[in-house]
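upload-v5.cif follows (mmCIF, C-alpha atoms):
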data_final
loop_
_atom_site.label_atom_id
_atom_site.label_comp_id
_atom_site.auth_asym_id
_atom_site.auth_seq_id
_atom_site.Cartn_x
_atom_site.Cartn_y
_atom_site.Cartn_z
CA MET A 1 96.80 104.95 121.53
CA ASP A 2 94.97 106.95 118.91
CA ASN A 3 93.69 103.79 117.24
CA LEU A 4 92.55 102.42 120.57
CA TRP A 5 90.55 105.57 121.21
CA LYS A 6 89.00 105.43 117.73
CA ASN A 7 88.06 101.78 118.26
CA ILE A 8 86.46 102.60 121.60
CA VAL A 9 84.38 105.34 119.96
CA ARG A 10 83.37 103.01 117.11
CA ALA A 11 82.39 100.31 119.59
CA ALA A 12 80.33 102.82 121.56
CA PHE A 13 78.50 103.90 118.41
CA VAL A 14 77.79 100.29 117.45
CA LEU A 15 76.44 99.58 120.94
CA VAL A 16 74.30 102.70 120.88
CA GLY A 17 73.01 101.75 117.45
CA LEU A 18 72.20 98.20 118.48
CA CYS A 19 70.57 99.10 121.79
CA PRO A 20 67.20 100.29 120.44
CA VAL A 21 66.91 97.25 118.18
CA VAL A 22 67.56 94.90 121.10
CA MET A 23 65.22 96.78 123.40
CA VAL A 24 62.38 96.98 120.88
CA ILE A 25 62.70 93.23 120.21
CA TYR A 26 62.78 92.53 123.96
CA PHE A 27 59.71 94.64 124.67
CA ALA A 28 57.86 93.24 121.65
CA LEU A 29 58.53 89.63 122.69
CA PHE A 30 58.34 89.68 126.47
CA ARG A 31 56.35 92.80 127.36
CA THR A 32 53.77 95.03 125.81
CA LEU A 33 55.40 97.50 123.48
CA THR A 34 53.88 100.83 124.39
CA LYS A 35 54.55 104.36 123.25
CA ASP A 36 56.03 105.15 126.65
CA TYR A 37 58.64 102.44 126.33
CA LEU A 38 59.56 103.61 122.84
CA LEU A 39 59.89 107.19 124.05
CA LEU A 40 62.07 106.01 126.91
CA VAL A 41 64.35 104.14 124.53
CA LEU A 42 64.53 107.11 122.20
CA GLY A 43 65.33 109.47 125.08
CA ALA A 44 68.02 107.16 126.43
CA GLU A 45 69.51 106.86 122.95
CA LEU A 46 69.66 110.61 122.51
CA ALA A 47 71.16 111.05 125.97
CA VAL A 48 73.91 108.51 125.28
CA LEU A 49 74.64 109.97 121.84
CA LEU A 50 74.82 113.48 123.28
CA PHE A 51 77.19 112.27 125.97
CA ILE A 52 79.44 110.50 123.45
CA PHE A 53 79.59 113.56 121.21
CA GLY A 54 80.38 115.74 124.21
CA VAL A 55 83.15 113.42 125.38
CA ILE A 56 84.65 113.31 121.87
CA VAL A 57 84.71 117.11 121.65
CA LEU A 58 86.16 117.36 125.17
CA TYR A 59 88.85 114.80 124.33
CA ALA A 60 89.71 116.64 121.11
CA MET A 61 90.01 119.93 122.98
CA ALA A 62 92.12 118.41 125.74
CA THR A 63 94.51 116.79 123.26
CA ASP A 64 94.80 119.92 121.06
CA GLN A 65 93.05 118.38 118.07
CA ILE A 66 90.68 121.32 118.46
CA LYS A 67 92.88 124.28 119.27
CA ILE A 68 91.26 126.97 121.38
CA GLU A 69 94.33 128.53 122.92
CA LYS A 70 94.19 131.48 120.54
CA LEU A 71 90.53 132.09 121.18
CA ILE A 72 91.30 135.46 122.77
CA SER A 73 94.47 136.21 120.84
CA GLU A 74 95.17 137.70 117.46
CA PRO A 75 96.73 135.33 114.94
CA SER A 76 99.97 137.20 115.59
CA GLY A 77 99.81 136.12 119.25
CA ASP A 78 99.04 139.43 120.94
CA ALA A 79 96.05 140.18 123.13
CA SER A 80 92.58 140.58 121.68
CA ILE A 81 90.57 142.60 124.16
CA SER A 82 87.33 142.74 122.19
CA ARG A 83 87.36 138.99 121.65
CA PHE A 84 87.89 138.60 125.37
CA GLN A 85 84.87 140.72 126.32
CA LEU A 86 82.69 138.99 123.72
CA LEU A 87 83.75 135.64 125.18
CA VAL A 88 83.00 136.83 128.73
CA PHE A 89 79.45 137.90 127.89
CA THR A 90 78.70 134.90 125.68
CA PHE A 91 79.84 132.51 128.39
CA THR A 92 77.98 134.42 131.09
CA ILE A 93 74.66 134.35 129.25
CA ALA A 94 75.11 130.78 128.02
CA LEU A 95 75.99 129.47 131.48
CA SER A 96 73.08 131.40 133.02
CA PHE A 97 70.78 129.81 130.49
CA VAL A 98 72.02 126.28 131.25
CA TYR A 99 71.88 126.97 134.99
CA LEU A 100 68.25 128.09 134.78
CA VAL A 101 67.30 125.07 132.68
CA ILE A 102 68.94 122.65 135.13
CA ILE A 103 68.00 124.34 138.42
CA GLY A 104 64.81 126.16 137.45
CA PRO A 105 61.29 124.87 136.90
CA GLY A 106 62.36 123.03 133.76
CA LYS A 107 60.84 125.34 131.19
CA PHE A 108 62.78 127.17 128.51
CA PRO A 109 63.77 130.53 130.08
CA ASP A 110 62.58 133.81 128.61
CA VAL A 111 65.39 136.06 127.43
CA PRO A 112 64.83 139.73 128.34
CA ASN A 113 65.45 142.34 125.66
CA GLN A 114 68.19 143.91 127.79
CA VAL A 115 70.20 140.72 127.65
CA LEU A 116 69.90 140.62 123.87
CA LEU A 117 70.98 144.26 123.80
CA LEU A 118 73.97 143.44 126.00
CA LEU A 119 75.09 140.71 123.63
CA GLY A 120 74.42 143.02 120.69
CA ILE A 121 76.63 145.79 122.11
CA SER A 122 79.36 143.28 122.83
CA ALA A 123 79.27 141.68 119.38
CA THR A 124 79.00 145.04 117.63
CA THR A 125 82.17 146.25 119.35
CA TYR A 126 83.99 143.18 118.11
CA GLY A 127 82.63 143.63 114.58
CA VAL A 128 83.37 147.35 114.42
CA GLY A 129 86.84 146.74 115.84
CA LYS A 130 87.55 144.26 113.10
CA GLY A 131 86.23 146.73 110.56
CA LEU A 132 88.52 149.44 111.90
CA GLN A 133 91.47 147.12 111.50
CA VAL A 134 90.62 146.52 107.87
CA VAL A 135 89.95 150.20 107.13
CA GLY A 136 93.18 151.09 108.89
CA GLY A 137 94.93 148.82 106.38
CA LEU A 138 96.48 146.72 109.05
CA SER A 139 95.29 143.17 109.01
CA SER A 140 95.37 141.16 112.18
CA ASN A 141 96.99 138.36 110.21
CA GLN A 142 100.30 140.16 110.23
CA PRO A 143 103.11 138.03 111.55
CA PRO A 144 104.50 139.05 114.93
CA THR A 145 107.20 141.65 114.76
CA VAL A 146 110.17 141.97 117.02
CA PRO A 147 109.79 145.19 118.97
CA ASP A 148 112.73 147.54 118.74
CA ALA A 149 113.28 151.01 120.13
CA THR A 150 111.52 152.74 117.22
CA HIS A 151 108.59 150.38 117.44
CA ALA A 152 108.27 150.84 121.16
CA LYS A 153 108.19 154.62 120.67
CA ALA A 154 105.40 154.31 118.15
CA SER A 155 103.58 151.81 120.26
CA ASP A 156 100.79 154.25 120.96
CA ASP A 157 99.89 154.15 117.28
CA HIS A 158 99.43 150.40 117.11
CA PRO A 159 95.80 149.99 116.17
CA THR A 160 96.00 146.35 115.12
CA SER A 161 96.33 145.01 118.59
CA GLY A 162 93.83 145.12 121.33
CA ASN A 163 91.00 144.08 119.09
CA MET B 1 60.88 109.47 132.34
CA THR B 2 61.98 110.82 135.70
CA VAL B 3 65.06 108.59 135.58
CA LEU B 4 65.80 109.78 132.07
CA ARG B 5 65.48 113.41 133.11
CA ALA B 6 67.80 112.84 136.06
CA ALA B 7 70.30 111.05 133.81
CA LEU B 8 70.18 113.94 131.34
CA ARG B 9 70.83 116.45 134.10
CA ILE B 10 73.80 114.47 135.43
CA GLU B 11 75.13 114.07 131.92
CA LEU B 12 74.80 117.77 131.19
CA ALA B 13 76.46 118.64 134.48
CA ILE B 14 79.42 116.34 133.71
CA LEU B 15 79.80 117.71 130.19
CA ILE B 16 79.52 121.33 131.26
CA ALA B 17 81.96 120.89 134.13
CA GLY B 18 84.41 119.10 131.84
CA CYS B 19 83.99 121.69 129.11
CA ALA B 20 84.41 124.57 131.54
CA ALA B 21 87.59 123.03 132.96
CA VAL B 22 89.16 122.33 129.57
CA VAL B 23 88.16 125.67 128.05
CA ALA B 24 89.36 127.61 131.09
CA TRP B 25 92.64 125.72 131.13
CA LYS B 26 93.26 126.23 127.41
CA ILE B 27 92.22 129.86 127.34
CA LEU B 28 94.26 130.68 130.43
CA ARG B 29 97.25 128.99 128.86
CA GLY B 30 96.73 131.06 125.72
CA ALA B 31 96.28 134.20 127.79
CA ALA B 32 99.47 133.49 129.71
CA ARG B 33 101.21 133.18 126.36
CA TRP B 34 99.94 136.52 125.09
CA ALA B 35 100.71 138.16 128.40
CA ARG B 36 104.34 137.18 127.89
CA HIS B 37 104.27 138.13 124.22
CA PRO B 38 106.34 141.25 123.48
CA GLU B 39 103.60 142.58 121.20
CA THR B 40 101.21 142.82 124.11
CA ARG B 41 103.07 145.91 125.29
CA ASN B 42 102.28 147.45 121.94
CA ALA B 43 98.71 146.26 122.17
CA LEU B 44 98.25 148.26 125.33
CA GLY B 45 100.30 151.22 124.13
CA GLY B 46 101.25 154.01 126.51
CA TRP B 47 99.75 154.24 129.98
CA MET B 48 96.84 156.40 128.84
CA THR B 49 96.01 154.20 125.85
CA GLY B 50 96.47 151.12 127.98
CA ALA B 51 94.09 152.43 130.60
CA LEU B 52 91.49 153.43 128.01
CA ARG B 53 91.68 149.99 126.45
CA LEU B 54 91.79 147.97 129.66
CA GLN B 55 88.74 149.71 131.14
CA MET B 56 86.57 147.84 128.62
CA PRO B 57 87.43 144.25 129.61
CA ALA B 58 87.43 145.34 133.26
CA ALA B 59 83.90 146.75 132.95
CA SER B 60 82.80 143.63 131.08
CA LEU B 61 84.18 141.36 133.80
CA VAL B 62 82.54 143.35 136.59
CA ILE B 63 79.16 143.37 134.84
CA ALA B 64 79.42 139.65 134.06
CA CYS B 65 80.30 138.82 137.70
CA LEU B 66 77.41 140.94 139.03
CA TYR B 67 75.04 139.29 136.59
CA LEU B 68 76.13 135.81 137.67
CA ALA B 69 75.84 136.80 141.33
CA ARG B 70 72.24 137.86 140.71
CA LEU B 71 71.37 134.65 138.92
CA PRO B 72 70.43 132.41 141.91
CA ARG B 73 67.70 134.88 142.90
CA SER B 74 66.13 134.49 139.45
CA ALA B 75 66.22 130.70 139.53
CA GLY B 76 62.73 130.60 141.04
CA SER B 77 61.14 132.56 138.22
CA GLY B 78 62.98 130.51 135.61
CA ASN B 79 63.82 133.56 133.51
CA LEU B 80 67.13 135.22 132.85
CA PRO B 81 67.57 138.28 135.11
CA PRO B 82 67.13 141.56 133.23
CA VAL B 83 70.01 144.00 132.91
CA PRO B 84 69.25 147.54 134.15
CA ASP B 85 69.38 150.27 131.51
CA TYR B 86 72.13 152.19 133.29
CA VAL B 87 74.37 149.11 133.16
CA LEU B 88 73.79 148.88 129.42
CA ALA B 89 74.61 152.57 129.13
CA ILE B 90 77.86 152.10 131.07
CA LEU B 91 78.79 149.15 128.90
CA ALA B 92 78.00 150.99 125.69
CA GLY B 93 80.04 153.98 126.86
CA SER B 94 82.97 151.80 127.82
CA GLN B 95 82.97 150.05 124.48
CA THR B 96 82.63 153.32 122.59
CA VAL B 97 85.73 154.65 124.34
CA PHE B 98 87.58 151.48 123.38
CA LEU B 99 86.55 151.82 119.74
CA PHE B 100 87.47 155.52 119.79
CA VAL B 101 90.96 154.62 120.96
CA MET B 102 91.18 152.05 118.21
CA ALA B 103 90.06 154.53 115.59
CA ARG B 104 92.59 157.17 116.56
CA ARG B 105 94.82 156.56 113.57
CA LEU B 106 91.86 157.06 111.25
CA LEU B 107 91.02 160.35 112.95
CA ARG B 108 94.53 161.79 112.86
CA PRO B 109 94.32 163.14 109.29
CA PHE B 110 91.52 165.37 110.53
CA GLY B 111 93.73 166.76 113.27
CA ILE B 112 92.06 164.80 116.04
CA LEU B 113 93.94 162.96 118.76
CA ARG B 114 97.53 163.62 117.81
CA ASN B 115 100.30 162.59 120.09
CA GLU B 116 102.36 165.30 121.76
CA GLY B 117 104.89 166.83 119.36
CA GLU B 118 103.34 165.07 116.39
CA LYS B 119 102.67 167.17 113.29
#
Let me see the file written as structure tokens.
Amino acid sequence: MDNLWKNIVRAAFVLVGLCPVVMVIYFALFRTLTKDYLLLVLGAELAVLLFIFGVIVLYAMATDQIKIEKLISEPSGDASISRFQLLVFTFTIALSFVYLVIIGPGKFPDVPNQVLLLLGISATTYGVGKGLQVVGGLSSNQPPTVPDATHAKASDDHPTSGN
Amino acid sequence: MTVLRAALRIELAILIAGCAAVVAWKILRGAARWARHPETRNALGGWMTGALRLQMPAASLVIACLYLARLPRSAGSGNLPPVPDYVLAILAGSQTVFLFVMARRLLRPFGILRNEGEK
């Protein structure tokens, strides 16, 4: 199954690679080869390549070759609140950007300073939180511990988690 | 060129929808795992610590949702909607509280933020 997928991707790349050659030869022989046609071919090529790359990344994410399940977790498996908020804001701004490009007048949107500040605050919290972990001498790479009664009592002092 | 532009838009829409679905599915699965993880209780701490920590993602989510809700009105201008200063102030305050809670252990040697009965 894996080989089949790889062969399909290889075949797609070969086709995409051959397409401009075939089209340029066709236009040169049977029509007038103009700059517009060449631009069209180039644009179509880029669009197909972009789509193939996107599908490959999507496939890899769906089949766990690219693992993103711990994107908002610590390596130990517990919750990472600052990663979560950074992810929320990054996705919000990124999706807004894409939405405006697709729906809007087609120009590259201006980014207001407040939005940059928002992302800055969000990323700074994440960075400072990480720094606090390191200064506190408790790395987030600690393996998960089994909570017992003593641990539960001291749970209020657990600065590793939640970042 | 118009056809190419339309094709690009459709392509982007397919990729973004696919990406959003896969990322949401994976992240939610991961989140469900950490929600069940015994360490998450420790991550939140006591009810006060938990509340002080949880207010930050809650504020972030609310601000993000309001921002997205405002987006269609800005589609005409083609620019990202600005964020009011007071929203930035709320966000900064919320995140400062979160960091303060995180830094408690570092502040304890100076006699700040001790638990009840703690020397």
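Of the listed residues B:Val22, B:Ala69, B:Ala89, B:Ile10, the one whose atoms come nearest to chain A is B:Val22, with distances taken using all atoms listed in the file.
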(request) Kindly resolve the PyMOL selection byres ((chain A and resi 123) around 10) on the present coordinates and return the residues as number ranges by chain. (result) A: 82-83, 85-87, 89-90, 117-122, 124-129
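Of the listed residues B:Ile90, B:Gln55, B:Asn79, B:Ala20, the one whose atoms come nearest to chain A is B:Asn79, with distances taken using all atoms listed in the file.
Nearest residue to Ile72 of chain A among B:Ala24, B:Arg5, B:Arg53, B:Gly30 is B:Gly30, counting only C-alpha atoms.
Near segment 94-100 of chain A, within a cut-off of 7 Å and counting only C-alpha atoms, sit the residues Thr90, Gly104 and Pro109 of chain A; Leu71, Ala75, Gly78 and Leu80 of chain B, with same-chain residues fewer than 4 positions away left out.
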Given the PyMOL selection byres ((chain B and resi 56-59) around 7) and the file above, list the residues it selects as a compact mmCIF listing (two decimals) with C-alpha atoms, in the coordinates of the input.
# COMPACT_ATOMS: atom_id res chain seq x y z
CA ILE A 81 90.57 142.60 124.16
CA GLN A 85 84.87 140.72 126.32
CA ARG B 53 91.68 149.99 126.45
CA LEU B 54 91.79 147.97 129.66
CA GLN B 55 88.74 149.71 131.14
CA SER B 60 82.80 143.63 131.08
CA LEU B 61 84.18 141.36 133.80
CA VAL B 62 82.54 143.35 136.59
CA ILE B 63 79.16 143.37 134.84
CA LEU B 91 78.79 149.15 128.90
CA SER B 94 82.97 151.80 127.82
CA GLN B 95 82.97 150.05 124.48
CA PHE B 98 87.58 151.48 123.38
(message) Tell me which residues come within 12 Å of (61.1, 136.8, 130.2), as a PyMOL selection string, counting only C-alpha atoms in the file's coordinates.
(response) (chain A and resi 97+107-116) or (chain B and resi 74+77-83)
(request) Starting from the displayed file, determine the output of the PyMOL selection byres ((chain B and resi 4) around 12) and express the residue list as a VMD selection string. (result) (chain A and resid 37 39 to 48) or (chain B and resid 1 to 3 5 to 11)
(request) Enter the distance from atom CA of Phe13 of chain A to atom CA of Leu49 of chain A, in Å, rounded to one decimal. (result) 8.0 Å
(message) Which residue is closest to Phe84 of chain A? Choose from A:Leu71, A:Thr34, A:Ala12, A:Gly131 and count all atoms listed in the file.
(response) A:Leu71
Residue completion, segment 6-31 of chain B, N, CA and C atoms, as a tab-separated table (two decimals), keeping the file's coordinate frame:
chain	number	residue	atom	x	y	z
B	6	ALA	N	66.69	112.76	135.10
B	6	ALA	CA	67.80	112.84	136.06
B	6	ALA	C	69.11	112.49	135.37
B	7	ALA	N	69.08	111.46	134.53
B	7	ALA	CA	70.30	111.05	133.81
B	7	ALA	C	70.77	112.19	132.91
B	8	LEU	N	69.83	112.82	132.23
B	8	LEU	CA	70.18	113.94	131.34
B	8	LEU	C	70.82	115.08	132.13
B	9	ARG	N	70.28	115.35	133.29
B	9	ARG	CA	70.83	116.45	134.10
B	9	ARG	C	72.25	116.12	134.54
B	10	ILE	N	72.46	114.87	134.99
B	10	ILE	CA	73.80	114.47	135.43
B	10	ILE	C	74.77	114.55	134.26
B	11	GLU	N	74.30	114.06	133.13
B	11	GLU	CA	75.13	114.07	131.92
B	11	GLU	C	75.53	115.49	131.53
B	12	LEU	N	74.53	116.36	131.52
B	12	LEU	CA	74.80	117.77	131.19
B	12	LEU	C	75.78	118.38	132.18
B	13	ALA	N	75.58	118.07	133.46
B	13	ALA	CA	76.46	118.64	134.48
B	13	ALA	C	77.90	118.17	134.26
B	14	ILE	N	78.07	116.86	133.95
B	14	ILE	CA	79.42	116.34	133.71
B	14	ILE	C	80.04	117.03	132.50
B	15	LEU	N	79.26	117.12	131.42
B	15	LEU	CA	79.80	117.71	130.19
B	15	LEU	C	80.15	119.18	130.38
B	16	ILE	N	79.26	119.89	131.07
B	16	ILE	CA	79.52	121.33	131.26
B	16	ILE	C	80.73	121.54	132.17
B	17	ALA	N	80.81	120.74	133.23
B	17	ALA	CA	81.96	120.89	134.13
B	17	ALA	C	83.26	120.57	133.38
B	18	GLY	N	83.22	119.49	132.61
B	18	GLY	CA	84.41	119.10	131.84
B	18	GLY	C	84.78	120.17	130.84
B	19	CYS	N	83.75	120.67	130.13
B	19	CYS	CA	83.99	121.69	129.11
B	19	CYS	C	84.55	122.96	129.76
B	20	ALA	N	83.96	123.35	130.87
B	20	ALA	CA	84.41	124.57	131.54
B	20	ALA	C	85.87	124.42	131.97
B	21	ALA	N	86.22	123.24	132.50
B	21	ALA	CA	87.59	123.03	132.96
B	21	ALA	C	88.57	123.09	131.79
B	22	VAL	N	88.23	122.38	130.70
B	22	VAL	CA	89.16	122.33	129.57
B	22	VAL	C	89.28	123.71	128.91
B	23	VAL	N	88.12	124.35	128.71
B	23	VAL	CA	88.16	125.67	128.05
B	23	VAL	C	88.93	126.68	128.91
B	24	ALA	N	88.66	126.66	130.22
B	24	ALA	CA	89.36	127.61	131.09
B	24	ALA	C	90.86	127.34	131.07
B	25	TRP	N	91.22	126.09	131.13
B	25	TRP	CA	92.64	125.72	131.13
B	25	TRP	C	93.31	126.18	129.84
B	26	LYS	N	92.67	125.88	128.70
B	26	LYS	CA	93.26	126.23	127.41
B	26	LYS	C	93.34	127.74	127.22
B	27	ILE	N	92.24	128.42	127.56
B	27	ILE	CA	92.22	129.86	127.34
B	27	ILE	C	93.22	130.55	128.27
B	28	LEU	N	93.30	130.08	129.50
B	28	LEU	CA	94.26	130.68	130.43
B	28	LEU	C	95.69	130.44	129.95
B	29	ARG	N	95.92	129.26	129.39
B	29	ARG	CA	97.25	128.99	128.86
B	29	ARG	C	97.56	129.94	127.71
B	30	GLY	N	96.56	130.12	126.83
B	30	GLY	CA	96.73	131.06	125.72
B	30	GLY	C	96.94	132.47	126.21
B	31	ALA	N	96.16	132.85	127.25
B	31	ALA	CA	96.28	134.20	127.79
B	31	ALA	C	97.65	134.40	128.43
